[in-house]
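See structure below.
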Amino acid sequence: MGGPTVSMYDWRRKISEAIERIRSRYEFIGRKTGAPFLAVVYPPEMETAFLKEWRTQCATLQPEIDVRSVDVLEVTHRIITGIGAANIVSAMADPMPGSDPQSELGGLWISAVAESVESRLSDPGKRKPVVSLERLAALYPAAGPRDVMQRLWDSAQSVLNGPVVVMIPGHIVESRTYSFIGKRDEFMYRGDLL
C-alpha cells in the first residue's frame, strides 16, 4: 500500500534534485568523472507522469537555461522506417553469416541519437544549453543508455558544451549501477547518477 507513494515521492524528488543541480552546478555536472552526464532513474511504469513533471520543472530554469529534448523513440522509429520493419525482422530471423543484425541496429540507433544530441547542443542561443534524452526504453534490446553515453563521450568530448540529462527507465541497483527497464544492469562509470 505504501509502495506507489514512496515511489512517486522518490521520482519527484529526483526531478527536483536534477533541476537544482542544473541550476546551481551547471558547469560541474559529471565533473568528478570527466563527463557532463546526469542520469535520472525512474520507474518505467511512471514514464508519462515522470516526463510531464520533468517538463514542468524544466520551465523554472528559464530564462537562463534552455532544456532541449531528444526523443529516443522518435529517433529509433525514424531509423526503422528508413530501413523497413520487414527488412529488420527478416535480417534478425535469418542473419547472414558473420552478421549480428541486433548489434548493427543498435549501432545505427546509438549513432543517430548521438548526432541528435550533438546537433541540439551546437544550436546557438543566448541561454545555456542542456539536452534531455527521453524515452530510452526504445533502445532495448539492441542497446542501452550506457551505449549512448559511451558513444557521446568517445566521439564528442569537445562538442558536448553542456550537460546531457539521461532519463533512464529502471531502478538503482547499487551506488553506480542501475537496471535498465529491469532487463539489463549497467554500470555508470562516467557522469552523475540519481
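Going through the C-alpha cells in order, the chains are called A, B, and so on, while each chain numbers its residues from 1 and the ligands are numbered from 1 in the order shown.
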
Write out as a ChimeraX atom specification all residues of stretch 26-189 of chain A that backbone DSSP assigns to helix (DSSP H, G or I). /A:26-28,44-61,72-83,85-93,101-122,136-139,145-156

Can you build me a table of stretch 51-150 of chain A residues sitting at most 6 Å from stretch 159-176 of chain A, with the closest atom pair per residue and its distance in Å to one decimal, using only C-alpha atoms, sorted by chain and residue number, as a tab-separated table?
```
residue	atom	partner	partner_atom	distance
A:Pro129	CA	A:Gly162	CA	5.6
A:Val130	CA	A:Pro163	CA	5.2
A:Val131	CA	A:Val164	CA	4.8
A:Ser132	CA	A:Val165	CA	4.7
A:Leu133	CA	A:Val166	CA	4.9
A:Glu134	CA	A:Met167	CA	5.5
```

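Compared by their closest atoms to A:Trp54, and using only C-alpha atoms, the residues A:Asn87, A:Ala18, A:Gly82, A:Leu73 rank with A:Ala18 nearest.
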
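Within 9 Å of A:Leu194, once only C-alpha atoms are used and residues closer than 5 positions along the same chain are dropped, the contacting residues are Lys14, Ile15, Glu17, Ala18, Leu38, Ala39, Val40, Val41 and Ile172 of chain A.
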
Dump of all heavy atoms for the selected residues, as a PDB file, in the first residue's frame:
```
ATOM      1  N   LYS A  14      13.803  13.161  -7.208  1.00  0.00           N
ATOM      2  CA  LYS A  14      14.922  13.084  -8.148  1.00  0.00           C
ATOM      3  C   LYS A  14      14.848  14.189  -9.199  1.00  0.00           C
ATOM      4  O   LYS A  14      15.864  14.778  -9.557  1.00  0.00           O
ATOM      5  CB  LYS A  14      14.958  11.716  -8.838  1.00  0.00           C
ATOM      6  CG  LYS A  14      15.451  10.604  -7.960  1.00  0.00           C
ATOM      7  CD  LYS A  14      15.506   9.308  -8.739  1.00  0.00           C
ATOM      8  CE  LYS A  14      16.007   8.172  -7.894  1.00  0.00           C
ATOM      9  NZ  LYS A  14      16.213   6.952  -8.709  1.00  0.00           N
ATOM     10  N   ILE A  15      13.645  14.453  -9.696  1.00  0.00           N
ATOM     11  CA  ILE A  15      13.490  15.526 -10.676  1.00  0.00           C
ATOM     12  C   ILE A  15      13.886  16.860 -10.055  1.00  0.00           C
ATOM     13  O   ILE A  15      14.644  17.634 -10.641  1.00  0.00           O
ATOM     14  CB  ILE A  15      12.045  15.583 -11.226  1.00  0.00           C
ATOM     15  CG1 ILE A  15      11.764  14.362 -12.095  1.00  0.00           C
ATOM     16  CG2 ILE A  15      11.818  16.874 -12.019  1.00  0.00           C
ATOM     17  CD1 ILE A  15      10.317  14.213 -12.529  1.00  0.00           C
ATOM     18  N   GLU A  17      15.855  17.376  -7.541  1.00  0.00           N
ATOM     19  CA  GLU A  17      17.308  17.389  -7.329  1.00  0.00           C
ATOM     20  C   GLU A  17      18.058  17.637  -8.638  1.00  0.00           C
ATOM     21  O   GLU A  17      19.027  18.396  -8.679  1.00  0.00           O
ATOM     22  CB  GLU A  17      17.763  16.071  -6.697  1.00  0.00           C
ATOM     23  CG  GLU A  17      19.213  16.088  -6.303  1.00  0.00           C
ATOM     24  CD  GLU A  17      19.659  14.824  -5.568  1.00  0.00           C
ATOM     25  OE1 GLU A  17      18.816  14.105  -4.995  1.00  0.00           O
ATOM     26  OE2 GLU A  17      20.887  14.569  -5.583  1.00  0.00           O
ATOM     27  N   ALA A  18      17.601  17.022  -9.722  1.00  0.00           N
ATOM     28  CA  ALA A  18      18.238  17.235 -11.025  1.00  0.00           C
ATOM     29  C   ALA A  18      18.112  18.692 -11.454  1.00  0.00           C
ATOM     30  O   ALA A  18      19.086  19.299 -11.917  1.00  0.00           O
ATOM     31  CB  ALA A  18      17.613  16.311 -12.076  1.00  0.00           C
ATOM     32  N   LEU A  38      24.152  13.511 -16.447  1.00  0.00           N
ATOM     33  CA  LEU A  38      23.364  13.384 -15.233  1.00  0.00           C
ATOM     34  C   LEU A  38      22.251  12.401 -15.555  1.00  0.00           C
ATOM     35  O   LEU A  38      21.368  12.698 -16.359  1.00  0.00           O
ATOM     36  CB  LEU A  38      22.779  14.733 -14.804  1.00  0.00           C
ATOM     37  CG  LEU A  38      21.837  14.716 -13.599  1.00  0.00           C
ATOM     38  CD1 LEU A  38      22.542  14.163 -12.360  1.00  0.00           C
ATOM     39  CD2 LEU A  38      21.283  16.106 -13.335  1.00  0.00           C
ATOM     40  N   ALA A  39      22.328  11.203 -14.983  1.00  0.00           N
ATOM     41  CA  ALA A  39      21.315  10.179 -15.229  1.00  0.00           C
ATOM     42  C   ALA A  39      20.280  10.225 -14.112  1.00  0.00           C
ATOM     43  O   ALA A  39      20.638  10.277 -12.938  1.00  0.00           O
ATOM     44  CB  ALA A  39      21.965   8.798 -15.290  1.00  0.00           C
ATOM     45  N   VAL A  40      19.025  10.223 -14.506  1.00  0.00           N
ATOM     46  CA  VAL A  40      17.919  10.208 -13.555  1.00  0.00           C
ATOM     47  C   VAL A  40      17.139   8.918 -13.816  1.00  0.00           C
ATOM     48  O   VAL A  40      16.556   8.749 -14.886  1.00  0.00           O
ATOM     49  CB  VAL A  40      17.014  11.438 -13.715  1.00  0.00           C
ATOM     50  CG1 VAL A  40      15.905  11.422 -12.663  1.00  0.00           C
ATOM     51  CG2 VAL A  40      17.821  12.730 -13.626  1.00  0.00           C
ATOM     52  N   VAL A  41      17.162   8.009 -12.839  1.00  0.00           N
ATOM     53  CA  VAL A  41      16.498   6.715 -12.978  1.00  0.00           C
ATOM     54  C   VAL A  41      15.103   6.822 -12.365  1.00  0.00           C
ATOM     55  O   VAL A  41      14.946   7.330 -11.258  1.00  0.00           O
ATOM     56  CB  VAL A  41      17.319   5.603 -12.292  1.00  0.00           C
ATOM     57  CG1 VAL A  41      16.627   4.252 -12.432  1.00  0.00           C
ATOM     58  CG2 VAL A  41      18.735   5.546 -12.875  1.00  0.00           C
ATOM     59  N   ILE A 172      17.634   1.801  -9.391  1.00  0.00           N
ATOM     60  CA  ILE A 172      19.016   1.770  -8.912  1.00  0.00           C
ATOM     61  C   ILE A 172      19.282   0.403  -8.278  1.00  0.00           C
ATOM     62  O   ILE A 172      18.490  -0.066  -7.470  1.00  0.00           O
ATOM     63  CB  ILE A 172      19.267   2.886  -7.877  1.00  0.00           C
ATOM     64  CG1 ILE A 172      18.961   4.268  -8.461  1.00  0.00           C
ATOM     65  CG2 ILE A 172      20.680   2.811  -7.313  1.00  0.00           C
ATOM     66  CD1 ILE A 172      19.944   4.773  -9.470  1.00  0.00           C
TER      67      ILE A 172
END
```

For A:Asp123, which of A:Met92, A:Val67, A:Ala138, A:Ala143 is the closest residue, counting only C-alpha atoms?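 Of A:Met92, A:Val67, A:Ala138, A:Ala143, the one nearest A:Asp123 is A:Val67, counting only C-alpha atoms.
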
In Å and to one decimal, atom CA of A:Ser90 is distant from atom CA of A:Leu139 by 19.0 Å

As a PyMOL selection string, which residues of chain A does DSSP assign to strand (DSSP E or B)? chain A and resi 37-42+65-71+128-134+164-174+177-180+184-187+192-193

Using Å and a single decimal, report how far atom CA of A:Ala137 sits from atom CA of A:Gly191.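 Spanning atom CA of A:Gly191 to atom CA of A:Ala137 is a straight-line distance of 19.7 Å.
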
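Reported to one decimal place, the separation of atom CA of A:Ala49 from atom CA of A:Gly144 is 21.8 Å.
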
Selected residue, from A:Tyr178, A:Tyr42, A:Trp109, A:Phe50, that lies nearest to A:Glu74 when counting only C-alpha atoms: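 Under the stated criterion, the closest residue is A:Trp109.
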